[in-house]
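Novice: Let me give you the structure first, and then I'll get to my questions.
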Amino acid sequence: MAPLTAISEDIYDRLRLIICSDQRRVLLLSLNREKKPLSDLRDEVQLDSATIIHSLRALERDNLVREDAYRNYSLTAIGKAAVHKLIDFFETTGAFVKYETFWLEHDLSGIPAPLFNRIGALRDSTLVVDTQLDPLKAYHSLVALLEKSPTVELIASVSAPDPHTLFDEFVLGHKHMEVIMTEPVLHHVIEELGQVRVEEARRAGHKLYVLRHDPKLVFAVADPVIVLLLYHLAGGFDYSAALTSESLEAIAWGHDLFRHYVDLSESVA
(Lines give C-alpha, C1' and ligand atoms only; values in the text may rest on other atoms or scores of the structure.)
Protein backbone atom coordinates (compact mmCIF):
# COMPACT_ATOMS: atom_id res chain seq x y z
CA MET A 1 0.00 0.00 0.00
CA ALA A 2 1.28 3.45 -0.89
CA PRO A 3 2.37 5.58 2.07
CA LEU A 4 0.15 8.53 2.95
CA THR A 5 2.72 10.93 1.54
CA ALA A 6 2.33 9.23 -1.84
CA ILE A 7 -1.46 9.50 -2.02
CA SER A 8 -2.48 11.38 -5.12
CA GLU A 9 -3.67 14.95 -5.08
CA ASP A 10 -6.99 13.71 -6.48
CA ILE A 11 -7.70 11.85 -3.24
CA TYR A 12 -6.82 14.86 -1.11
CA ASP A 13 -9.07 17.00 -3.30
CA ARG A 14 -11.95 14.60 -2.72
CA LEU A 15 -11.29 14.56 1.00
CA ARG A 16 -11.33 18.35 1.12
CA LEU A 17 -14.55 18.37 -0.91
CA ILE A 18 -16.26 16.24 1.74
CA ILE A 19 -14.98 17.71 4.99
CA CYS A 20 -14.22 21.37 4.22
CA SER A 21 -17.79 22.46 3.57
CA ASP A 22 -20.59 22.30 6.12
CA GLN A 23 -23.13 22.46 3.31
CA ARG A 24 -21.74 19.51 1.37
CA ARG A 25 -21.25 17.47 4.54
CA VAL A 26 -24.85 18.05 5.66
CA LEU A 27 -26.16 17.09 2.21
CA LEU A 28 -24.14 13.87 2.18
CA LEU A 29 -25.37 12.89 5.63
CA SER A 30 -28.96 13.66 4.62
CA LEU A 31 -28.73 11.57 1.45
CA ASN A 32 -27.18 8.72 3.42
CA ARG A 33 -30.64 8.03 4.87
CA GLU A 34 -32.55 8.00 1.57
CA LYS A 35 -32.75 9.61 -1.85
CA LYS A 36 -34.50 12.98 -1.89
CA PRO A 37 -35.74 15.64 -4.29
CA LEU A 38 -34.43 19.17 -4.10
CA SER A 39 -37.53 20.37 -2.23
CA ASP A 40 -36.96 17.89 0.62
CA LEU A 41 -33.30 18.84 0.87
CA ARG A 42 -34.22 22.52 0.94
CA ASP A 43 -36.70 21.98 3.78
CA GLU A 44 -34.28 19.81 5.75
CA VAL A 45 -31.06 21.80 5.54
CA GLN A 46 -32.70 25.24 5.43
CA LEU A 47 -30.70 26.53 2.47
CA ASP A 48 -31.90 28.10 -0.76
CA SER A 49 -32.13 26.05 -3.95
CA ALA A 50 -29.21 27.78 -5.69
CA THR A 51 -26.83 27.06 -2.80
CA ILE A 52 -27.90 23.42 -2.59
CA ILE A 53 -27.63 22.86 -6.35
CA HIS A 54 -24.14 24.40 -6.38
CA SER A 55 -23.02 21.95 -3.66
CA LEU A 56 -24.73 18.99 -5.34
CA ARG A 57 -23.04 19.71 -8.65
CA ALA A 58 -19.65 19.69 -6.95
CA LEU A 59 -20.47 16.31 -5.36
CA GLU A 60 -21.73 14.98 -8.69
CA ARG A 61 -18.49 15.95 -10.45
CA ASP A 62 -16.58 13.73 -8.01
CA ASN A 63 -19.10 10.89 -8.42
CA LEU A 64 -20.34 11.05 -4.83
CA VAL A 65 -23.93 12.00 -5.71
CA ARG A 66 -26.18 11.30 -8.71
CA GLU A 67 -29.47 12.70 -9.96
CA ASP A 68 -32.02 10.30 -11.47
CA ALA A 69 -34.63 10.85 -14.18
CA TYR A 70 -37.18 11.93 -11.54
CA ARG A 71 -34.90 14.68 -10.18
CA ASN A 72 -34.16 12.75 -7.00
CA TYR A 73 -30.65 12.91 -5.58
CA SER A 74 -28.90 9.93 -4.02
CA LEU A 75 -25.44 8.75 -3.03
CA THR A 76 -23.41 6.67 -5.43
CA ALA A 77 -21.61 3.57 -4.15
CA ILE A 78 -18.50 5.72 -3.78
CA GLY A 79 -20.52 8.35 -1.92
CA LYS A 80 -21.97 5.75 0.47
CA ALA A 81 -18.49 4.41 1.27
CA ALA A 82 -17.17 7.93 1.87
CA VAL A 83 -20.08 8.88 4.14
CA HIS A 84 -19.69 5.63 6.10
CA LYS A 85 -16.06 6.53 6.80
CA LEU A 86 -17.06 10.10 7.63
CA ILE A 87 -19.61 8.92 10.22
CA ASP A 88 -17.08 6.47 11.66
CA PHE A 89 -14.54 9.29 12.01
CA PHE A 90 -17.08 11.52 13.77
CA GLU A 91 -18.10 8.75 16.17
CA THR A 92 -14.55 7.67 16.95
CA THR A 93 -13.36 11.23 17.49
CA GLY A 94 -16.42 11.90 19.63
CA ALA A 95 -15.60 8.95 21.88
CA PHE A 96 -12.03 10.14 22.43
CA VAL A 97 -12.64 13.88 22.71
CA LYS A 98 -15.33 13.55 25.38
CA TYR A 99 -12.86 12.11 27.92
CA GLU A 100 -9.57 12.81 26.20
CA THR A 101 -7.41 12.73 29.34
CA PHE A 102 -8.78 9.32 30.32
CA TRP A 103 -7.86 7.81 26.96
CA LEU A 104 -4.44 9.49 26.83
CA GLU A 105 -3.38 8.37 30.30
CA HIS A 106 -4.45 4.73 30.14
CA ASP A 107 -3.14 1.58 28.50
CA LEU A 108 -5.45 0.55 25.64
CA SER A 109 -3.42 -2.47 24.54
CA GLY A 110 -6.04 -4.85 25.92
CA ILE A 111 -8.60 -3.69 23.36
CA PRO A 112 -8.02 -5.80 20.22
CA ALA A 113 -7.73 -4.03 16.87
CA PRO A 114 -11.18 -4.96 15.48
CA LEU A 115 -12.85 -3.57 18.60
CA PHE A 116 -10.54 -0.58 18.81
CA ASN A 117 -11.70 0.26 15.29
CA ARG A 118 -15.26 0.31 16.69
CA ILE A 119 -14.41 2.48 19.71
CA GLY A 120 -16.96 5.01 18.48
CA ALA A 121 -19.56 2.71 20.07
CA LEU A 122 -18.48 4.21 23.41
CA ARG A 123 -19.16 7.83 22.41
CA ASP A 124 -22.14 8.11 24.78
CA SER A 125 -20.17 6.91 27.80
CA THR A 126 -20.04 8.48 31.24
CA LEU A 127 -16.83 8.68 33.26
CA VAL A 128 -17.16 7.98 36.97
CA VAL A 129 -14.18 9.13 39.04
CA ASP A 130 -13.25 8.86 42.70
CA THR A 131 -13.79 11.80 45.03
CA GLN A 132 -12.43 12.73 48.44
CA LEU A 133 -15.75 11.82 50.00
CA ASP A 134 -15.91 8.50 48.14
CA PRO A 135 -12.35 7.30 47.35
CA LEU A 136 -13.73 4.11 45.79
CA LYS A 137 -16.57 5.72 43.83
CA ALA A 138 -15.49 4.24 40.49
CA TYR A 139 -15.27 0.72 41.88
CA HIS A 140 -18.54 1.09 43.78
CA SER A 141 -20.19 2.21 40.54
CA LEU A 142 -19.04 -1.02 38.90
CA VAL A 143 -20.70 -3.08 41.62
CA ALA A 144 -23.86 -0.96 41.72
CA LEU A 145 -24.38 -1.06 37.97
CA LEU A 146 -23.88 -4.81 37.79
CA GLU A 147 -26.47 -5.33 40.50
CA LYS A 148 -29.12 -4.26 37.98
CA SER A 149 -28.62 -7.28 35.78
CA PRO A 150 -29.39 -10.99 36.24
CA THR A 151 -26.42 -11.82 34.01
CA VAL A 152 -22.86 -10.55 34.19
CA GLU A 153 -19.82 -11.10 31.97
CA LEU A 154 -16.64 -10.01 33.72
CA ILE A 155 -12.95 -9.81 32.78
CA ALA A 156 -10.66 -9.36 35.78
CA SER A 157 -6.96 -8.70 35.50
CA VAL A 158 -6.82 -7.58 39.15
CA SER A 159 -8.62 -8.93 42.19
CA ALA A 160 -11.55 -7.13 43.77
CA PRO A 161 -11.00 -5.27 47.04
CA ASP A 162 -13.82 -7.29 48.65
CA PRO A 163 -14.10 -10.75 47.04
CA HIS A 164 -16.24 -12.14 49.89
CA THR A 165 -18.88 -9.42 49.42
CA LEU A 166 -18.94 -9.95 45.66
CA PHE A 167 -19.25 -13.71 46.09
CA ASP A 168 -22.21 -13.33 48.44
CA GLU A 169 -23.89 -10.71 46.26
CA PHE A 170 -23.44 -12.20 42.80
CA VAL A 171 -22.75 -15.92 43.19
CA LEU A 172 -25.08 -16.69 46.08
CA GLY A 173 -27.45 -14.01 44.78
CA HIS A 174 -28.36 -16.33 41.90
CA LYS A 175 -27.03 -14.12 39.12
CA HIS A 176 -25.60 -15.91 36.11
CA MET A 177 -21.95 -15.01 35.84
CA GLU A 178 -19.24 -15.72 33.32
CA VAL A 179 -15.86 -14.63 34.67
CA ILE A 180 -12.49 -14.52 32.96
CA MET A 181 -9.56 -14.19 35.37
CA THR A 182 -5.83 -14.09 34.91
CA GLU A 183 -3.91 -16.85 36.66
CA PRO A 184 -2.75 -14.61 39.54
CA VAL A 185 -6.31 -13.42 40.13
CA LEU A 186 -7.65 -16.98 40.08
CA HIS A 187 -5.04 -18.08 42.64
CA HIS A 188 -5.88 -15.07 44.81
CA VAL A 189 -9.61 -15.83 44.65
CA ILE A 190 -8.99 -19.44 45.68
CA GLU A 191 -6.81 -18.27 48.58
CA GLU A 192 -9.39 -15.73 49.72
CA LEU A 193 -12.56 -17.76 49.25
CA GLY A 194 -11.27 -21.30 49.41
CA GLN A 195 -11.47 -24.06 46.84
CA VAL A 196 -14.85 -25.20 48.16
CA ARG A 197 -16.56 -21.87 47.44
CA VAL A 198 -15.05 -21.69 43.97
CA GLU A 199 -16.40 -25.17 43.26
CA GLU A 200 -19.74 -24.03 44.66
CA ALA A 201 -19.81 -21.27 42.06
CA ARG A 202 -19.15 -23.73 39.25
CA ARG A 203 -21.85 -26.13 40.47
CA ALA A 204 -24.30 -23.24 40.55
CA GLY A 205 -23.82 -22.88 36.78
CA HIS A 206 -21.44 -19.94 36.74
CA LYS A 207 -18.68 -20.19 34.12
CA LEU A 208 -15.07 -19.55 35.09
CA TYR A 209 -12.21 -19.09 32.64
CA VAL A 210 -8.50 -18.52 33.14
CA LEU A 211 -6.47 -16.26 30.85
CA ARG A 212 -2.73 -16.89 30.55
CA HIS A 213 -1.83 -13.27 29.80
CA ASP A 214 -2.82 -9.96 31.37
CA PRO A 215 -5.30 -7.91 29.29
CA LYS A 216 -4.63 -4.93 31.58
CA LEU A 217 -8.26 -4.12 32.13
CA VAL A 218 -11.26 -4.87 34.28
CA PHE A 219 -14.35 -5.02 32.15
CA ALA A 220 -17.93 -6.00 32.76
CA VAL A 221 -20.91 -6.21 30.45
CA ALA A 222 -24.46 -6.79 31.56
CA ASP A 223 -27.88 -6.31 29.98
CA PRO A 224 -28.16 -2.63 30.93
CA VAL A 225 -24.54 -1.46 31.08
CA ILE A 226 -20.84 -1.88 30.39
CA VAL A 227 -18.08 -0.77 32.76
CA LEU A 228 -14.42 -0.39 31.77
CA LEU A 229 -11.42 0.23 34.05
CA LEU A 230 -7.85 0.31 32.74
CA TYR A 231 -4.19 0.35 33.72
CA HIS A 232 -2.24 3.61 33.80
CA LEU A 233 0.30 3.96 31.00
CA ALA A 234 2.91 4.46 33.72
CA GLY A 235 1.95 1.10 35.21
CA GLY A 236 -0.45 -0.01 37.89
CA PHE A 237 -4.19 -0.54 37.78
CA ASP A 238 -6.40 2.53 38.10
CA TYR A 239 -9.35 1.95 40.40
CA SER A 240 -10.18 5.66 40.36
CA ALA A 241 -11.89 6.02 36.95
CA ALA A 242 -14.57 3.85 35.37
CA LEU A 243 -16.05 4.40 31.91
CA THR A 244 -19.69 3.33 31.75
CA SER A 245 -22.32 3.24 29.04
CA GLU A 246 -25.89 1.98 28.76
CA SER A 247 -26.25 2.39 24.99
CA LEU A 248 -27.21 -0.70 23.00
CA GLU A 249 -24.26 -0.17 20.66
CA ALA A 250 -21.82 -0.08 23.59
CA ILE A 251 -23.32 -3.21 25.13
CA ALA A 252 -23.00 -5.07 21.80
CA TRP A 253 -19.35 -3.88 21.66
CA GLY A 254 -18.88 -5.16 25.19
CA HIS A 255 -20.25 -8.61 24.44
CA ASP A 256 -17.86 -8.87 21.49
CA LEU A 257 -14.92 -7.87 23.69
CA PHE A 258 -15.86 -10.49 26.26
CA ARG A 259 -16.22 -13.26 23.63
CA HIS A 260 -12.83 -12.27 22.22
CA TYR A 261 -11.26 -13.08 25.57
CA VAL A 262 -13.33 -16.22 26.07
CA ASP A 263 -11.77 -17.52 22.85
CA LEU A 264 -8.30 -16.86 24.33
CA SER A 265 -9.11 -18.44 27.70
CA GLU A 266 -9.43 -21.94 29.13
CA SER A 267 -12.35 -23.18 31.17
CA VAL A 268 -11.48 -23.67 34.85
CA ALA A 269 -11.71 -27.38 35.62
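All residue names refer to the C-alpha coordinates as shown: chains lettered A, B, ... in order, residues numbered from 1 in each chain, ligands numbered from 1 in order.
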Excluding range 76-88 of chain A and its own-chain neighbours fewer than 6 positions away, which residues fall within 8 Å of it when counting only C-alpha atoms? Please give them as a list of chain:residue names.
Specialist: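 The filter keeps A:Leu28, A:Leu29, A:Asn32, A:Asn63, A:Leu64, A:Val65, A:Arg66, A:Gly120.
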Novice: Store the residues picked out above in a file with N, CA and C atoms, as a PDB file, in the first residue's frame.
Specialist:
```pdb
ATOM      1  N   LEU A  28     -24.548  15.269   2.248  1.00  0.00           N
ATOM      2  CA  LEU A  28     -24.137  13.869   2.178  1.00  0.00           C
ATOM      3  C   LEU A  28     -24.774  13.058   3.305  1.00  0.00           C
ATOM      4  N   LEU A  29     -24.775  13.604   4.496  1.00  0.00           N
ATOM      5  CA  LEU A  29     -25.371  12.887   5.628  1.00  0.00           C
ATOM      6  C   LEU A  29     -26.876  12.735   5.447  1.00  0.00           C
ATOM      7  N   ASN A  32     -27.545  10.048   2.939  1.00  0.00           N
ATOM      8  CA  ASN A  32     -27.179   8.719   3.423  1.00  0.00           C
ATOM      9  C   ASN A  32     -28.402   7.959   3.932  1.00  0.00           C
ATOM     10  N   ASN A  63     -18.420  12.190  -8.427  1.00  0.00           N
ATOM     11  CA  ASN A  63     -19.105  10.890  -8.416  1.00  0.00           C
ATOM     12  C   ASN A  63     -19.505  10.429  -7.015  1.00  0.00           C
ATOM     13  N   LEU A  64     -19.858  11.386  -6.167  1.00  0.00           N
ATOM     14  CA  LEU A  64     -20.344  11.046  -4.832  1.00  0.00           C
ATOM     15  C   LEU A  64     -21.872  11.063  -4.779  1.00  0.00           C
ATOM     16  N   VAL A  65     -22.477  11.848  -5.655  1.00  0.00           N
ATOM     17  CA  VAL A  65     -23.929  11.999  -5.708  1.00  0.00           C
ATOM     18  C   VAL A  65     -24.385  11.873  -7.156  1.00  0.00           C
ATOM     19  N   ARG A  66     -25.592  11.355  -7.359  1.00  0.00           N
ATOM     20  CA  ARG A  66     -26.184  11.300  -8.705  1.00  0.00           C
ATOM     21  C   ARG A  66     -27.623  11.807  -8.660  1.00  0.00           C
ATOM     22  N   GLY A 120     -15.899   4.016  18.552  1.00  0.00           N
ATOM     23  CA  GLY A 120     -16.963   5.013  18.483  1.00  0.00           C
ATOM     24  C   GLY A 120     -18.245   4.546  19.150  1.00  0.00           C
TER      25      GLY A 120
END
```
Novice: Hey, what does DSSP flag as alpha helix (DSSP H) within range 21-231 of chain A? Can you give it to me as a PyMOL selection string?
Specialist: chain A and resi 22-33+38-45+49-61+77-98+100-105+113-116+137-146+163-166+183-193+195-203
Novice: Which one of A:Leu264, A:Leu146, A:Leu59, A:Leu228 sits closest to Ser125 in chain A if you count only C-alpha atoms?
Specialist: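 Among A:Leu264, A:Leu146, A:Leu59, A:Leu228, it is A:Leu228 that comes nearest to Ser125 in chain A.
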Novice: Please provide the set of residues having any atom within 12 Å of Ser30 in chain A, restricted to only C-alpha atoms, with same-chain residues fewer than 3 positions apart removed, written as number ranges by chain.
Specialist: A: 23-27, 33-38, 40-45, 65, 73-75, 79-80, 83, 87
Novice: Measuring between only C-alpha atoms, which one of A:Ser21, A:Thr244, A:Ser8, A:Asn72 shows the shortest distance to Ala58 in chain A?
Specialist: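 Between A:Ser21, A:Thr244, A:Ser8, A:Asn72, the residue approaching Ala58 in chain A most closely is A:Ser21.
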Novice: Need to verify the contact set: range 206-215 of chain A, 9 Å, only C-alpha atoms, exclusion of same-chain residues closer than 6 positions in sequence. Can you return it as a VMD selection string?
Specialist: chain A and resid 109 to 111 155 to 157 171 175 to 183 185 to 186 261 to 262 264 to 269
Novice: List every residue of range 36-236 of chain A that DSSP, applied to the backbone, labels as strand (DSSP E or B), and write the result as a ChimeraX atom specification.
Specialist: /A:36-37,65-67,72-75,106,126-129,151-156,176-182,207-211,217-222,226-232
Novice: Residues within 10 Å of Leu230 in chain A, please, as a PDB file with N, CA and C atoms, in the first residue's frame. Count only C-alpha atoms; anything in the same chain fewer than 4 positions from it doesn't count.
Specialist:
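File result-v5.pdb, as written:
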```pdb
ATOM      1  N   PHE A 102      -8.641  10.735  29.946  1.00  0.00           N
ATOM      2  CA  PHE A 102      -8.784   9.322  30.318  1.00  0.00           C
ATOM      3  C   PHE A 102      -8.129   8.421  29.286  1.00  0.00           C
ATOM      4  N   TRP A 103      -8.408   8.664  28.008  1.00  0.00           N
ATOM      5  CA  TRP A 103      -7.857   7.805  26.961  1.00  0.00           C
ATOM      6  C   TRP A 103      -6.345   8.004  26.815  1.00  0.00           C
ATOM      7  N   GLU A 105      -4.170   8.784  29.145  1.00  0.00           N
ATOM      8  CA  GLU A 105      -3.384   8.374  30.304  1.00  0.00           C
ATOM      9  C   GLU A 105      -3.458   6.876  30.600  1.00  0.00           C
ATOM     10  N   HIS A 106      -4.263   6.141  29.832  1.00  0.00           N
ATOM     11  CA  HIS A 106      -4.451   4.729  30.143  1.00  0.00           C
ATOM     12  C   HIS A 106      -3.966   3.812  29.018  1.00  0.00           C
ATOM     13  N   ASP A 107      -3.655   2.592  29.410  1.00  0.00           N
ATOM     14  CA  ASP A 107      -3.140   1.575  28.498  1.00  0.00           C
ATOM     15  C   ASP A 107      -4.312   0.926  27.762  1.00  0.00           C
ATOM     16  N   LEU A 108      -4.356   1.085  26.449  1.00  0.00           N
ATOM     17  CA  LEU A 108      -5.449   0.554  25.644  1.00  0.00           C
ATOM     18  C   LEU A 108      -5.067  -0.732  24.916  1.00  0.00           C
ATOM     19  N   SER A 109      -3.917  -1.300  25.276  1.00  0.00           N
ATOM     20  CA  SER A 109      -3.416  -2.470  24.545  1.00  0.00           C
ATOM     21  C   SER A 109      -4.315  -3.690  24.701  1.00  0.00           C
ATOM     22  N   GLY A 110      -5.160  -3.715  25.729  1.00  0.00           N
ATOM     23  CA  GLY A 110      -6.044  -4.851  25.924  1.00  0.00           C
ATOM     24  C   GLY A 110      -7.279  -4.837  25.042  1.00  0.00           C
ATOM     25  N   SER A 157      -8.416  -8.558  35.501  1.00  0.00           N
ATOM     26  CA  SER A 157      -6.957  -8.701  35.501  1.00  0.00           C
ATOM     27  C   SER A 157      -6.363  -8.303  36.847  1.00  0.00           C
ATOM     28  N   PRO A 215      -4.720  -8.862  30.243  1.00  0.00           N
ATOM     29  CA  PRO A 215      -5.302  -7.907  29.287  1.00  0.00           C
ATOM     30  C   PRO A 215      -5.240  -6.461  29.770  1.00  0.00           C
ATOM     31  N   LYS A 216      -4.802  -6.270  30.995  1.00  0.00           N
ATOM     32  CA  LYS A 216      -4.628  -4.927  31.576  1.00  0.00           C
ATOM     33  C   LYS A 216      -5.929  -4.126  31.580  1.00  0.00           C
ATOM     34  N   LEU A 217      -6.989  -4.805  31.976  1.00  0.00           N
ATOM     35  CA  LEU A 217      -8.263  -4.122  32.129  1.00  0.00           C
ATOM     36  C   LEU A 217      -9.172  -4.929  33.055  1.00  0.00           C
ATOM     37  N   VAL A 218     -10.114  -4.240  33.637  1.00  0.00           N
ATOM     38  CA  VAL A 218     -11.258  -4.870  34.281  1.00  0.00           C
ATOM     39  C   VAL A 218     -12.468  -4.405  33.501  1.00  0.00           C
ATOM     40  N   PHE A 219     -13.246  -5.362  33.044  1.00  0.00           N
ATOM     41  CA  PHE A 219     -14.346  -5.016  32.152  1.00  0.00           C
ATOM     42  C   PHE A 219     -15.544  -5.887  32.487  1.00  0.00           C
ATOM     43  N   GLY A 236       0.451   0.038  36.767  1.00  0.00           N
ATOM     44  CA  GLY A 236      -0.453  -0.014  37.893  1.00  0.00           C
ATOM     45  C   GLY A 236      -1.897   0.165  37.480  1.00  0.00           C
ATOM     46  N   PHE A 237      -2.774  -0.606  38.116  1.00  0.00           N
ATOM     47  CA  PHE A 237      -4.190  -0.544  37.776  1.00  0.00           C
ATOM     48  C   PHE A 237      -4.824   0.688  38.391  1.00  0.00           C
ATOM     49  N   ASP A 238      -5.747   1.305  37.652  1.00  0.00           N
ATOM     50  CA  ASP A 238      -6.402   2.534  38.095  1.00  0.00           C
ATOM     51  C   ASP A 238      -7.828   2.213  38.551  1.00  0.00           C
ATOM     52  N   TYR A 239      -8.014   2.149  39.856  1.00  0.00           N
ATOM     53  CA  TYR A 239      -9.353   1.949  40.403  1.00  0.00           C
ATOM     54  C   TYR A 239     -10.174   3.233  40.398  1.00  0.00           C
ATOM     55  N   SER A 240      -9.552   4.368  40.102  1.00  0.00           N
ATOM     56  CA  SER A 240     -10.176   5.659  40.361  1.00  0.00           C
ATOM     57  C   SER A 240     -11.064   6.183  39.232  1.00  0.00           C
ATOM     58  N   ALA A 241     -11.104   5.507  38.080  1.00  0.00           N
ATOM     59  CA  ALA A 241     -11.889   6.018  36.947  1.00  0.00           C
ATOM     60  C   ALA A 241     -12.523   4.857  36.197  1.00  0.00           C
ATOM     61  N   ALA A 242     -13.836   4.909  36.069  1.00  0.00           N
ATOM     62  CA  ALA A 242     -14.572   3.852  35.370  1.00  0.00           C
ATOM     63  C   ALA A 242     -15.408   4.469  34.265  1.00  0.00           C
ATOM     64  N   LEU A 243     -15.250   3.948  33.055  1.00  0.00           N
ATOM     65  CA  LEU A 243     -16.045   4.402  31.915  1.00  0.00           C
ATOM     66  C   LEU A 243     -17.275   3.506  31.812  1.00  0.00           C
TER      67      LEU A 243
END
```
Novice: Name the closest residue to Ala234 in chain A among the candidates A:Gly194, A:Leu104, A:Asp134, A:Val158; distances are taken between atoms, counting only C-alpha atoms.
Specialist: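 Closest candidate: A:Leu104.
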Novice: What is the distance between CA of Arg61 in chain A and CA of Asp48 in chain A, in Å to one decimal?
Specialist: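 Spanning CA of Arg61 in chain A to CA of Asp48 in chain A is a straight-line distance of 20.5 Å.
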Novice: How many Å lie between CA of Gly94 in chain A and CA of Ile119 in chain A, rounded to one decimal?
Specialist: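 Calculated distance between CA of Gly94 in chain A and CA of Ile119 in chain A is 9.6 Å.
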